[in-house]
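Working notes, beginning with the structure itself.
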There are 2 protein chains.
Amino acid sequence: MKIIILKDYLNESIQQVYKAISSRTTIPILSGIKLDVNHQGVTLTASDTDISIQSFIPVEDDKHTIVQIEETGSVVLPAKFFVEIIKKLPSQEIKMEVKEQFHTYISSGATEIQMVGLDPEEFPILPAIEGNETVSVPGDLLKNMIKQTGFSISTHETTPILTGVLWNLENNELKFTATDRHRLATRSAYLNATDIKFNNVVIAGKTLNELSKIIPDQNTLVDIVVSDNQVLFKIDHVLFYSRILEGIYPDTSRIIPSTYKTELIVETKKLSESIDRAYLLSREEKTNIVRLQTLEEGGIEISSSSTELGKVREELDLIDFKGEPLRISFNSKYMLDVLKIVESEQLMIAFTGIMSPIVLKPMDDSQSLFVILPYRTNN
Amino acid sequence: MKIIILKDYLNESIQQVYKAISSRTTIPILSGIKLDVNHQGVTLTASDTDISIQSFIPVEDDKHTIVQIEETGSVVLPAKFFVEIIKKLPSQEIKMEVKEQFHTYISSGATEIQMVGLDPEEFPILPAIEGNETVSVPGDLLKNMIKQTGFSISTHETTPILTGVLWNLENNELKFTATDRHRLATRSAYLNATDIKFNNVVIAGKTLNELSKIIPDQNTLVDIVVSDNQVLFKIDHVLFYSRILEGIYPDTSRIIPSTYKTELIVETKKLSESIDRAYLLSREEKTNIVRLQTLEEGGIEISSSSTELGKVREELDLIDFKGEPLRISFNSKYMLDVLKIVESEQLMIAFTGIMSPIVLKPMDDSQSLFVILPYRTNN
């Protein structure tokens with residue numbers, strides 16, 4: 001392998017695949033990035049077995065020659081050193097040559113680097129699922145769906161299936177669900193006509209987080225291919241492979257109440273600021289308990305208290321109120337997590353009793369729904 | 001105590017004094033901020049016994065009435081909760097009233113807070129050193145002197161005196177010195193004529209760090225009063241008290257060589273980038289060892305190596321070279337720490353031998369000098 005490559009392009013691809021490198025890997029070859037050079041260009045691959053990312057740098061684009069290829073070939077280079085040193089090389093032009101025993105010589109300006117490379121034959125082979133049927137989702141929609149559900153996953157490894165987000169696709173409706181048993185978030189979106197359907201596709205929350213970072217902000221279509229135990233996301237020149245979590249995701253439909261006894265409509269921002277103040281105090285008690293109570297004279301009261309520090313109490317106007325008066329306690333951190341990602345100016349909060357799940361629904365977006373279980377305090 | 005006060009002014013003062021609050025304090029009263037209200041205004045005080053900060057909010061400034069005082073008095077409020085909740089109150093107008101047992105009622109807009117206050121009589125009294133003679137130093141100069149020396153203090157509590165920066169003032173020259181026995185930084189500045197002199201005033205590095213944050217960026221004079229065991233800094237409405245570290249600071253004059261065998265002049269930025277690349281590799285070996293060597297054909301070579309990862313080697317042009325050829329190893333992290341804070345475009349590096357201290361001197365600034373001890377490797 002012997003090439004001359006432009007720094008900015010190489011750097012961008014390294015940054016993309018580097019997201020798959022785990023600092024805790026015990027398999028030496030997986031702490032490296034694989035480079036494969038053929039006459040079309042350079043392919044970079046990194047993997048931590050849960051996630052594998054591949055980025056392709058073509059020989060040229062509309063504007064430039066990006067890679068000059070003198071000799072094709074492959075090598076695996078130590079990822080952490082490679083990612084940092086390439087970024088800091090003095091010149092745009094980077095020469096790379098692999099010699100005996102995968103020793104790799106990199107030069108740029110007056111800088112010369114010898115890197116100890118590894119045998120690319122030892123690198124795991126990525127699953128061949130490219131042939132399967134493809135669903136296309138706009139990148140910004142996908143990022144939004146991840147953001148609106150990912151915060152509700154469980155962080156406990158005792159129930160591994162709940163550390164993922166459940167994806168279902170049926171009748172053109174793609175639906176994401178996440179729950180940690182104390183709260184739940186769902187978000188749906190209608191896709192362009194597709195015959196494809198799948199269910200019980202569960203993808204780890206941290207994987208989706210990394211995927212989000214790779215999807216560019218401008219309009220991009222993400223092509224999704226689902227196989228038995230892997231999902232492949234295609235984004236421009238990047239292929240992102242994720243393992244599907246094993247196990248059956250629990251049925252969450254019973255958690256969501258279908259009828260309500262009390263319904264409030266509030267200004268999202270005002271409620272958020274109010275809960276935030278009460279949270280500051282509740283946090284010191286380690287419980288995060290905040291109380292919400294309807295007032296006879298209209299409006300609601302938000303309050304919290306701490307034996308050591310004091311009390312916070314405030315009143316908030318309602319845009320609308322239907323149903324019975326109510327007094328309920330909940331984990332204010334969970335409520336704030338929802339309020340932070342709601343984009344709608346108004347929010348419906350619905351209750352079926354002080355022991356029943358609290359439902360939050362953004363008013364101009366019928367496609368998200370959040371549930372928080374109340375605290376069983378004696379108020 | 002009963003007042004109405006403007007949020008932004010109260011918030012600014014809280015932020016200033018909060019820097020003295022230690023999260024690890026075991027003395028309950030020191031986890032609080034003391035408020036003293038008299039007819040001139042409100043004084044906030046916080047202390048961790050090493051540092052005490054006092055900020056004064058006058059009743060009015062050129063533009064506004066800032067505080068309306070209905071009743072004078074004092075109280076100590078829980079700092080962490082106070083600092084966070086005041087920032088988040090909904091309205092500029094904040095009402096505060098202290099009632100029985102120091103229970104404090106704070107209201108703003110529709111928010112009502114009850115805070116458990118403590119007895120201000122329990123709060124430590126600040127040392128009375130305001131009467132002593134004063135030295136004035138421009139704030140930006142003081143910040144710069146702290147920045148150019150503070151990074152060289154020791155972080156080991158086994159030699160407490162070296163965790164501070166030594167201040168000497170004699171013949172109008174203020175000089176800062178810091179060393180951790182492996183490196184040394186000094187910075188001097190001439191002040192306007194003053195009769196005052198002092199020596200062996202050693203102030204903890206972390207204290208100077210907090211002081212730096214309080215000094216505003218615009219032109220401000222900092223008035224400094226030194227007593228036997230305390231230094232007071234006066235900055236606008238803020239008084240910053242610091243303990244002087246106990247003990248005698250070691251004589252560092254012998255560390256700095258007075259004659260050189262080899263002198264190089266380099267471009268600071270180029271050297272910095274070059275050492276940074278070599279550092280990336282040396283860091284993986286945990287040693288940070290980088291080698292510098294003069295080349296027969298002119299210029300120098302910067303290199304480092306790692307058995308696991310490989311080698312970095314590069315050549316750098318010199319602006320000037322005097323004396324004998326040389327090959328020397330040093331801790332590249334220490335060198336980078338210096339290169340990061342040098343503002344001069346050119347830098348002199350001087351050597352007296354491979355076992356002797358390396359001297360770094362910015363070319364357009366005769367008032368800073370840095371020393372790094374070399375590594376005793378067999379190259």
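The way I read the labels, and the way they are meant: chains A, B, ... in the order of the structure tokens, residue 1 as the first residue of every chain, and ligand 1 as the first ligand shown, with later ones counted on from there.
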DSSP on the backbone: which residues in segment 45-256 of chain B end up as alpha helix (DSSP H)? Give the answer as a ChimeraX atom specification.
/B:79-87,139-150,205-214
Just write the chosen residues, N, CA and C atoms, as a JSON list (two decimals), in the first residue's frame.
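again03.json was written with the following content:
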```
[["chain", "number", "residue", "atom", "x", "y", "z"],
["B", 79, "ALA", "N", -25.19, 28.18, 50.64],
["B", 79, "ALA", "CA", -24.60, 28.77, 49.44],
["B", 79, "ALA", "C", -25.04, 28.10, 48.14],
["B", 80, "LYS", "N", -24.98, 26.78, 48.09],
["B", 80, "LYS", "CA", -25.22, 26.09, 46.82],
["B", 80, "LYS", "C", -26.64, 26.33, 46.32],
["B", 81, "PHE", "N", -27.60, 26.17, 47.22],
["B", 81, "PHE", "CA", -29.00, 26.38, 46.84],
["B", 81, "PHE", "C", -29.24, 27.86, 46.51],
["B", 82, "PHE", "N", -28.67, 28.75, 47.30],
["B", 82, "PHE", "CA", -28.84, 30.19, 47.11],
["B", 82, "PHE", "C", -28.30, 30.62, 45.74],
["B", 83, "VAL", "N", -27.09, 30.18, 45.40],
["B", 83, "VAL", "CA", -26.47, 30.59, 44.14],
["B", 83, "VAL", "C", -27.28, 30.11, 42.95],
["B", 84, "GLU", "N", -27.86, 28.92, 43.05],
["B", 84, "GLU", "CA", -28.58, 28.37, 41.90],
["B", 84, "GLU", "C", -29.99, 28.93, 41.76],
["B", 85, "ILE", "N", -30.66, 29.10, 42.91],
["B", 85, "ILE", "CA", -32.06, 29.53, 42.82],
["B", 85, "ILE", "C", -32.16, 31.01, 42.43],
["B", 86, "ILE", "N", -31.25, 31.85, 42.93],
["B", 86, "ILE", "CA", -31.34, 33.30, 42.62],
["B", 86, "ILE", "C", -31.21, 33.51, 41.10],
["B", 87, "LYS", "N", -30.27, 32.80, 40.49],
["B", 87, "LYS", "CA", -30.04, 32.87, 39.05],
["B", 87, "LYS", "C", -31.30, 32.55, 38.26],
["B", 139, "GLY", "N", -4.85, 45.03, 36.71],
["B", 139, "GLY", "CA", -5.48, 43.72, 36.76],
["B", 139, "GLY", "C", -5.00, 42.77, 35.67],
["B", 140, "ASP", "N", -4.87, 43.29, 34.42],
["B", 140, "ASP", "CA", -4.47, 42.38, 33.33],
["B", 140, "ASP", "C", -3.02, 41.91, 33.49],
["B", 141, "LEU", "N", -2.15, 42.79, 34.04],
["B", 141, "LEU", "CA", -0.77, 42.38, 34.31],
["B", 141, "LEU", "C", -0.75, 41.27, 35.37],
["B", 142, "LEU", "N", -1.54, 41.47, 36.41],
["B", 142, "LEU", "CA", -1.57, 40.49, 37.50],
["B", 142, "LEU", "C", -2.05, 39.12, 36.98],
["B", 143, "LYS", "N", -3.11, 39.16, 36.16],
["B", 143, "LYS", "CA", -3.63, 37.90, 35.59],
["B", 143, "LYS", "C", -2.57, 37.21, 34.75],
["B", 144, "ASN", "N", -1.87, 38.02, 33.95],
["B", 144, "ASN", "CA", -0.83, 37.48, 33.09],
["B", 144, "ASN", "C", 0.31, 36.86, 33.89],
["B", 145, "MET", "N", 0.71, 37.51, 34.97],
["B", 145, "MET", "CA", 1.80, 36.99, 35.81],
["B", 145, "MET", "C", 1.39, 35.68, 36.48],
["B", 146, "ILE", "N", 0.12, 35.60, 36.87],
["B", 146, "ILE", "CA", -0.39, 34.36, 37.48],
["B", 146, "ILE", "C", -0.39, 33.24, 36.45],
["B", 147, "LYS", "N", -0.86, 33.56, 35.23],
["B", 147, "LYS", "CA", -0.93, 32.56, 34.17],
["B", 147, "LYS", "C", 0.46, 32.04, 33.79],
["B", 148, "GLN", "N", 1.46, 32.95, 33.79],
["B", 148, "GLN", "CA", 2.79, 32.56, 33.33],
["B", 148, "GLN", "C", 3.62, 31.83, 34.39],
["B", 149, "THR", "N", 3.12, 31.76, 35.62],
["B", 149, "THR", "CA", 3.87, 31.04, 36.65],
["B", 149, "THR", "C", 3.07, 29.90, 37.29],
["B", 150, "GLY", "N", 1.75, 30.09, 37.39],
["B", 150, "GLY", "CA", 0.91, 29.16, 38.14],
["B", 150, "GLY", "C", 1.00, 27.71, 37.69],
["B", 205, "GLY", "N", -1.45, 28.21, 44.70],
["B", 205, "GLY", "CA", -1.78, 28.29, 43.28],
["B", 205, "GLY", "C", -3.28, 28.30, 43.02],
["B", 206, "LYS", "N", -4.02, 27.48, 43.76],
["B", 206, "LYS", "CA", -5.47, 27.44, 43.50],
["B", 206, "LYS", "C", -6.16, 28.72, 43.94],
["B", 207, "THR", "N", -5.60, 29.38, 44.95],
["B", 207, "THR", "CA", -6.13, 30.68, 45.36],
["B", 207, "THR", "C", -5.93, 31.71, 44.25],
["B", 208, "LEU", "N", -4.73, 31.72, 43.66],
["B", 208, "LEU", "CA", -4.43, 32.68, 42.59],
["B", 208, "LEU", "C", -5.31, 32.42, 41.38],
["B", 209, "ASN", "N", -5.62, 31.15, 41.15],
["B", 209, "ASN", "CA", -6.51, 30.76, 40.08],
["B", 209, "ASN", "C", -7.90, 31.38, 40.28],
["B", 210, "GLU", "N", -8.42, 31.29, 41.50],
["B", 210, "GLU", "CA", -9.73, 31.88, 41.82],
["B", 210, "GLU", "C", -9.66, 33.41, 41.72],
["B", 211, "LEU", "N", -8.54, 33.98, 42.20],
["B", 211, "LEU", "CA", -8.36, 35.43, 42.13],
["B", 211, "LEU", "C", -8.43, 35.90, 40.67],
["B", 212, "SER", "N", -7.73, 35.17, 39.79],
["B", 212, "SER", "CA", -7.72, 35.50, 38.37],
["B", 212, "SER", "C", -9.12, 35.60, 37.79],
["B", 213, "LYS", "N", -9.98, 34.67, 38.22],
["B", 213, "LYS", "CA", -11.35, 34.64, 37.68],
["B", 213, "LYS", "C", -12.15, 35.85, 38.10],
["B", 214, "ILE", "N", -11.79, 36.44, 39.25],
["B", 214, "ILE", "CA", -12.56, 37.58, 39.76],
["B", 214, "ILE", "C", -12.10, 38.90, 39.16]]
```
When you look at segment 105-116 of chain A with a cut-off of 8 Å (counting only C-alpha atoms), what residues show up, excluding the ones that are within fewer than 3 positions of it in the same chain? I need them as a list in words.
Leu77, Pro78, Leu89, Pro90, Ser91, Gln92, Glu93, Ile94, Lys95, Met96, Glu97, Val98, Lys99 and Phe102 of chain A; Glu308, Leu309, Gly310, Lys311, Val312, Arg313, Glu314, Glu315 and Leu316 of chain B
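Comparing the minimum interatomic distances between chain A and each of B:Val226, B:Ile265, B:Ile196, B:Leu281, counting only C-alpha atoms, we find that B:Leu281 sits nearest.
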Shell around Leu118 of chain B at 10 Å using only C-alpha atoms, local window under 4 positions removed, as a ChimeraX atom specification:
/B:28-29,32-34,74-78,101-104,122-123
Export of the given selection (N, CA, C and O atoms) as an mmCIF file, in the first residue's frame:
```cif
data_model
loop_
_atom_site.group_PDB
_atom_site.id
_atom_site.type_symbol
_atom_site.label_atom_id
_atom_site.label_comp_id
_atom_site.auth_asym_id
_atom_site.auth_seq_id
_atom_site.Cartn_x
_atom_site.Cartn_y
_atom_site.Cartn_z
ATOM 1 N N PRO B 28 -20.380 23.510 59.086
ATOM 2 C CA PRO B 28 -21.643 23.876 58.444
ATOM 3 C C PRO B 28 -21.757 25.363 58.082
ATOM 4 O O PRO B 28 -22.191 25.698 56.984
ATOM 5 N N ILE B 29 -21.315 26.248 58.991
ATOM 6 C CA ILE B 29 -21.509 27.678 58.722
ATOM 7 C C ILE B 29 -20.739 28.120 57.464
ATOM 8 O O ILE B 29 -21.149 29.043 56.759
ATOM 9 N N GLY B 32 -22.226 28.302 53.919
ATOM 10 C CA GLY B 32 -23.198 29.371 53.693
ATOM 11 C C GLY B 32 -22.558 30.667 53.228
ATOM 12 O O GLY B 32 -21.349 30.860 53.326
ATOM 13 N N ILE B 33 -23.382 31.556 52.688
ATOM 14 C CA ILE B 33 -22.964 32.913 52.328
ATOM 15 C C ILE B 33 -23.608 33.856 53.341
ATOM 16 O O ILE B 33 -24.815 33.782 53.601
ATOM 17 N N LYS B 34 -22.794 34.738 53.920
ATOM 18 C CA LYS B 34 -23.333 35.692 54.904
ATOM 19 C C LYS B 34 -23.794 36.959 54.193
ATOM 20 O O LYS B 34 -23.104 37.470 53.311
ATOM 21 N N SER B 74 -28.652 40.764 59.409
ATOM 22 C CA SER B 74 -27.725 39.785 58.834
ATOM 23 C C SER B 74 -28.314 38.383 58.856
ATOM 24 O O SER B 74 -29.170 38.076 59.681
ATOM 25 N N VAL B 75 -27.804 37.526 57.970
ATOM 26 C CA VAL B 75 -28.194 36.125 57.971
ATOM 27 C C VAL B 75 -27.149 35.341 57.172
ATOM 28 O O VAL B 75 -26.443 35.920 56.344
ATOM 29 N N VAL B 76 -27.030 34.036 57.425
ATOM 30 C CA VAL B 76 -26.182 33.162 56.599
ATOM 31 C C VAL B 76 -27.104 32.184 55.871
ATOM 32 O O VAL B 76 -27.907 31.495 56.511
ATOM 33 N N LEU B 77 -27.001 32.148 54.520
ATOM 34 C CA LEU B 77 -27.884 31.290 53.724
ATOM 35 C C LEU B 77 -27.087 30.174 53.049
ATOM 36 O O LEU B 77 -25.928 30.368 52.691
ATOM 37 N N PRO B 78 -27.717 28.983 52.854
ATOM 38 C CA PRO B 78 -27.007 27.836 52.254
ATOM 39 C C PRO B 78 -26.528 28.182 50.838
ATOM 40 O O PRO B 78 -27.343 28.399 49.951
ATOM 41 N N GLN B 101 -35.791 32.831 64.014
ATOM 42 C CA GLN B 101 -34.822 31.724 63.854
ATOM 43 C C GLN B 101 -34.112 31.732 62.491
ATOM 44 O O GLN B 101 -33.816 30.679 61.934
ATOM 45 N N PHE B 102 -33.909 32.941 61.967
ATOM 46 C CA PHE B 102 -33.197 33.135 60.694
ATOM 47 C C PHE B 102 -33.880 32.456 59.499
ATOM 48 O O PHE B 102 -33.253 32.227 58.470
ATOM 49 N N HIS B 103 -35.160 32.097 59.633
ATOM 50 C CA HIS B 103 -35.912 31.646 58.455
ATOM 51 C C HIS B 103 -36.032 32.820 57.504
ATOM 52 O O HIS B 103 -36.441 33.901 57.889
ATOM 53 N N THR B 104 -35.650 32.579 56.252
ATOM 54 C CA THR B 104 -35.583 33.677 55.295
ATOM 55 C C THR B 104 -36.617 33.449 54.194
ATOM 56 O O THR B 104 -36.691 32.362 53.629
ATOM 57 N N GLU B 122 -22.154 33.211 64.128
ATOM 58 C CA GLU B 122 -21.254 32.045 64.083
ATOM 59 C C GLU B 122 -20.224 32.148 62.953
ATOM 60 O O GLU B 122 -19.287 31.357 62.879
ATOM 61 N N PHE B 123 -20.440 33.094 62.053
ATOM 62 C CA PHE B 123 -19.572 33.196 60.867
ATOM 63 C C PHE B 123 -18.223 33.795 61.267
ATOM 64 O O PHE B 123 -18.161 34.728 62.054
#
```
So, counting only C-alpha atoms, which residue among A:Leu373, A:Leu336, A:Leu326, A:Val67 is closest to Lys261 of chain A?
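Ranked by minimum distance to Lys261 of chain A, first place goes to A:Leu326.
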Could you go through segment 27-143 of chain A and tell me which residues DSSP, when run on the backbone, assigns to strand (DSSP E or B), listing them as a VMD selection string?
chain A and resid 32 to 38 41 to 47 51 to 58 60 65 67 to 71 73 to 78 93 to 98 103 to 108 111 to 116 118 134 to 138
Please produce a file of those selected residues containing C-alpha atoms, as an mmCIF file, in the first residue's frame.
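Output contents, as saved in selection.cif:
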```
data_model
loop_
_atom_site.group_PDB
_atom_site.id
_atom_site.type_symbol
_atom_site.label_atom_id
_atom_site.label_comp_id
_atom_site.auth_asym_id
_atom_site.auth_seq_id
_atom_site.Cartn_x
_atom_site.Cartn_y
_atom_site.Cartn_z
ATOM 1 C CA GLY A 32 -6.924 -0.209 15.383
ATOM 2 C CA ILE A 33 -8.459 1.338 12.275
ATOM 3 C CA LYS A 34 -8.253 -0.777 9.113
ATOM 4 C CA LEU A 35 -7.325 0.910 5.844
ATOM 5 C CA ASP A 36 -8.090 -0.834 2.549
ATOM 6 C CA VAL A 37 -6.833 0.788 -0.640
ATOM 7 C CA ASN A 38 -8.133 -0.243 -4.050
ATOM 8 C CA GLY A 41 -10.300 4.823 -3.130
ATOM 9 C CA VAL A 42 -9.570 4.207 0.527
ATOM 10 C CA THR A 43 -11.956 2.461 2.932
ATOM 11 C CA LEU A 44 -11.509 2.961 6.687
ATOM 12 C CA THR A 45 -13.115 0.492 9.117
ATOM 13 C CA ALA A 46 -13.355 0.396 12.905
ATOM 14 C CA SER A 47 -15.366 -1.907 15.145
ATOM 15 C CA ILE A 51 -20.857 -1.128 16.341
ATOM 16 C CA SER A 52 -18.831 -1.190 13.137
ATOM 17 C CA ILE A 53 -18.302 1.916 11.039
ATOM 18 C CA GLN A 54 -16.915 2.082 7.536
ATOM 19 C CA SER A 55 -16.078 5.294 5.685
ATOM 20 C CA PHE A 56 -15.056 5.481 2.047
ATOM 21 C CA ILE A 57 -12.795 8.169 0.570
ATOM 22 C CA PRO A 58 -13.096 8.175 -3.243
ATOM 23 C CA GLU A 60 -11.611 12.112 -6.493
ATOM 24 C CA THR A 65 -8.034 14.573 -6.701
ATOM 25 C CA VAL A 67 -6.083 10.177 -3.239
ATOM 26 C CA GLN A 68 -3.178 9.283 -5.527
ATOM 27 C CA ILE A 69 -2.708 5.537 -5.501
ATOM 28 C CA GLU A 70 0.722 4.092 -6.261
ATOM 29 C CA GLU A 71 0.068 0.683 -4.767
ATOM 30 C CA GLY A 73 -3.130 -2.890 -0.092
ATOM 31 C CA SER A 74 -4.327 -2.941 3.508
ATOM 32 C CA VAL A 75 -3.090 -2.324 7.034
ATOM 33 C CA VAL A 76 -4.481 -1.836 10.555
ATOM 34 C CA LEU A 77 -3.093 1.241 12.410
ATOM 35 C CA PRO A 78 -3.310 2.081 16.146
ATOM 36 C CA GLU A 93 -0.415 16.320 1.552
ATOM 37 C CA ILE A 94 0.111 13.093 3.473
ATOM 38 C CA LYS A 95 2.236 10.261 2.094
ATOM 39 C CA MET A 96 1.595 6.770 3.445
ATOM 40 C CA GLU A 97 3.506 3.616 2.655
ATOM 41 C CA VAL A 98 3.230 0.156 4.216
ATOM 42 C CA HIS A 103 5.448 -1.025 9.374
ATOM 43 C CA THR A 104 3.804 2.097 8.013
ATOM 44 C CA TYR A 105 5.708 5.242 7.005
ATOM 45 C CA ILE A 106 3.731 8.477 7.075
ATOM 46 C CA SER A 107 5.208 11.820 6.061
ATOM 47 C CA SER A 108 3.839 15.345 5.775
ATOM 48 C CA THR A 111 7.364 15.347 9.822
ATOM 49 C CA GLU A 112 8.169 11.642 9.468
ATOM 50 C CA ILE A 113 6.275 8.968 11.356
ATOM 51 C CA GLN A 114 6.875 5.244 11.618
ATOM 52 C CA MET A 115 3.789 3.446 12.844
ATOM 53 C CA VAL A 116 3.631 -0.165 14.020
ATOM 54 C CA LEU A 118 -1.092 -4.909 12.361
ATOM 55 C CA THR A 134 -33.964 -0.638 2.272
ATOM 56 C CA VAL A 135 -36.076 1.934 4.172
ATOM 57 C CA SER A 136 -35.141 5.608 3.724
ATOM 58 C CA VAL A 137 -35.590 8.117 6.555
ATOM 59 C CA PRO A 138 -34.628 11.824 6.454
#
```
Which residue is closest to chain A? Choose from B:Ser303, B:Ser332, B:Gln230, B:Ser368 and count only C-alpha atoms.
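Closest residue, counting only C-alpha atoms: B:Ser303.
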Which neighbours of Val266 of chain A fall inside 6 Å, counting only C-alpha atoms, when residues of the same chain fewer than 5 positions from it are skipped, and could you give them as a ChimeraX atom specification?
/A:318-319,346-347
Nearest to chain B among A:Leu339, A:Ile153, A:Leu369, A:Ile275, with distances taken over only C-alpha atoms: which residue is it?
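Ranking A:Leu339, A:Ile153, A:Leu369, A:Ile275 by distance to chain B, first place goes to A:Ile275.
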Can you tell me, as a list in words, what residues are no more than 7 Å from Tyr260 of chain B when counting only C-alpha atoms, ignoring any on the same chain fewer than 5 positions away?
Ala350, Phe351 and Thr352 of chain B
A:Ser366, A:Asn200, A:Gln218, A:Ser282 ranked by distance to chain B, top pick (using only C-alpha atoms):
A:Ser282
Which value, in Å to one decimal, gives the distance between atom CA of Met1 of chain B and atom CA of Ile129 of chain B?
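One can read the atom CA of Met1 of chain B to atom CA of Ile129 of chain B distance as 27.9 Å.
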Measuring atom to atom with only C-alpha atoms, identify which of B:Ala128, B:Ile256, B:Ile354, B:Ala189 is nearest to Asp228 of chain B.
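Closest to Asp228 of chain B, using only C-alpha atoms: B:Ala128.
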Nearby residues (only C-alpha atoms) at most 10 Å from Arg283 of chain A, same-chain spacing under 4 positions excluded, as a VMD selection string
(chain A and resid 278 to 279 287 to 290 304 to 306 331 to 333) or (chain B and resid 81)
Write the selection just made, keeping N, CA and C atoms, as an mmCIF file, in the first residue's frame?
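Result file is out_12.cif:
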```
data_model
loop_
_atom_site.group_PDB
_atom_site.id
_atom_site.type_symbol
_atom_site.label_atom_id
_atom_site.label_comp_id
_atom_site.auth_asym_id
_atom_site.auth_seq_id
_atom_site.Cartn_x
_atom_site.Cartn_y
_atom_site.Cartn_z
ATOM 1 N N ALA A 278 -38.044 24.110 41.565
ATOM 2 C CA ALA A 278 -38.422 23.144 42.612
ATOM 3 C C ALA A 278 -37.418 21.988 42.642
ATOM 4 N N TYR A 279 -36.924 21.619 41.464
ATOM 5 C CA TYR A 279 -35.941 20.542 41.343
ATOM 6 C C TYR A 279 -34.654 20.859 42.104
ATOM 7 N N THR A 287 -34.037 12.905 46.435
ATOM 8 C CA THR A 287 -35.240 12.214 45.968
ATOM 9 C C THR A 287 -35.769 12.805 44.668
ATOM 10 N N ASN A 288 -35.494 14.081 44.425
ATOM 11 C CA ASN A 288 -36.036 14.809 43.269
ATOM 12 C C ASN A 288 -37.560 14.941 43.319
ATOM 13 N N ILE A 289 -38.181 14.709 44.490
ATOM 14 C CA ILE A 289 -39.647 14.756 44.559
ATOM 15 C C ILE A 289 -40.172 16.186 44.484
ATOM 16 N N VAL A 290 -41.051 16.416 43.515
ATOM 17 C CA VAL A 290 -41.748 17.697 43.399
ATOM 18 C C VAL A 290 -43.234 17.402 43.370
ATOM 19 N N SER A 304 -41.753 22.004 46.427
ATOM 20 C CA SER A 304 -40.861 20.967 46.935
ATOM 21 C C SER A 304 -40.332 21.435 48.276
ATOM 22 N N SER A 305 -39.813 20.507 49.057
ATOM 23 C CA SER A 305 -39.289 20.928 50.348
ATOM 24 C C SER A 305 -38.136 20.041 50.774
ATOM 25 N N SER A 306 -37.298 20.610 51.638
ATOM 26 C CA SER A 306 -36.132 19.922 52.166
ATOM 27 C C SER A 306 -36.025 20.311 53.630
ATOM 28 N N ASN A 331 -40.932 12.425 40.139
ATOM 29 C CA ASN A 331 -39.494 12.681 40.048
ATOM 30 C C ASN A 331 -39.289 13.841 39.072
ATOM 31 N N SER A 332 -38.870 14.988 39.616
ATOM 32 C CA SER A 332 -38.785 16.209 38.796
ATOM 33 C C SER A 332 -37.691 16.106 37.726
ATOM 34 N N LYS A 333 -36.677 15.287 37.983
ATOM 35 C CA LYS A 333 -35.616 15.089 36.980
ATOM 36 C C LYS A 333 -36.206 14.448 35.720
ATOM 37 N N PHE B 81 -27.596 26.171 47.224
ATOM 38 C CA PHE B 81 -28.995 26.382 46.843
ATOM 39 C C PHE B 81 -29.236 27.856 46.506
#
```
